Amino acid sequence: MLLAGQVMANDAKRIYGYVEKVTLLDKKMVVNAKLDTGAKSASLNATEITPVDIHGKSYLRFTVPNPKGDQVFTCEYVGQVSIKVRSGESKIAAPFKKSINRPVVRMSVGLGDETRMIRVNLTNRKRFIYPLLLGRDALIAFHAVVDPAMSFTLKKKDDVAQS
């Protein structure tokens with residue numbers, strides 16, 4: 001029987017729950033993330049998004065709200081993604097537009113003992129339960145399989161040592 005987080009030998013996939021703890025490695029900030037196979041891209045709750053130039057390269061500086069203290073990140077800007085407008089996403093755009101553009105940055109993210117540099121779009125997700133959504137692109141990068149009947153399957157190394 002394969003347990004959550006274990007590797008399947010033949011294709012190196014890992015099984016995760018639909019919600020897991022994920023680490024934003026630049027600040028070692030742990031957030032709850034929804035693993036969503038219905039979404040293509042990753043999306044992070046971010047406010048105060050400001051463009052900055054560092055050594056001639058475009059970056060975005062933004063704040064990630066967190067109950068343990070907001071953190072300011074600076075990540076490489078890699079473009080925009082067009083996202084379908086959802087109900088309540090934009091009062092102005094919704095009646096007239098079918099999509100809205102969001103800025104995309106590259107971020108170092110940890111899921112269990114794996115780390116990846118992934119593309120993450122930034123938006124205000126305060127109305128959502130989870131501040132981070134990992135879509136198919138990120139799930140593929142992590143070789144993830146999602147079991148929707150499970151959640152928070154990953155244990156900290158300290159928890160494993162004590163159990």
# chains A, B, ... in the order shown; residues from 1 in each chain; ligands from 1
>>> select_by_dssp(residues="chain A", states="strand (DSSP E)", output="number ranges by chain")
A: 14-17, 19-24, 29-35, 42-45, 47-54, 57-64, 71-84, 99-111, 114-123, 132-134, 144-147
>>> select_by_dssp(residues="chain A", states="helix (DSSP H, G or I)", output="number ranges by chain")
A: 136-141, 157-162
>>> closest_atom_pairs(of="range 41-81 of chain A", to="range 111-128 of chain A", cutoff="6 Å", atoms="only C-alpha atoms", output="Markdown table")
| residue | atom | partner | partner_atom | distance |
| --- | --- | --- | --- | --- |
| A:Ala42 | CA | A:Val120 | CA | 4.8 |
| A:Ser43 | CA | A:Asn121 | CA | 4.7 |
| A:Leu44 | CA | A:Leu122 | CA | 5.2 |
| A:Asn45 | CA | A:Arg125 | CA | 4.6 |
| A:Ala46 | CA | A:Thr123 | CA | 5.4 |
>>> residues_around(residues="range 98-104 of chain A", least_positions_apart="2", cutoff="8 Å", atoms="only C-alpha atoms", output="number ranges by chain")
A: 77-85, 93-94, 96, 106, 119-123
>>> atom_distance(atom1="CA of Thr50 in chain A", atom2="CA of Asp26 in chain A")
17.7 Å
>>> atom_distance(atom1="CA of Thr47 in chain A", atom2="CA of Phe73 in chain A")
10.6 Å
>>> residues_around(residues="Ile49 in chain A", least_positions_apart="6", cutoff="8 Å", atoms="only C-alpha atoms", output="PyMOL selection string")
chain A and resi 60-63
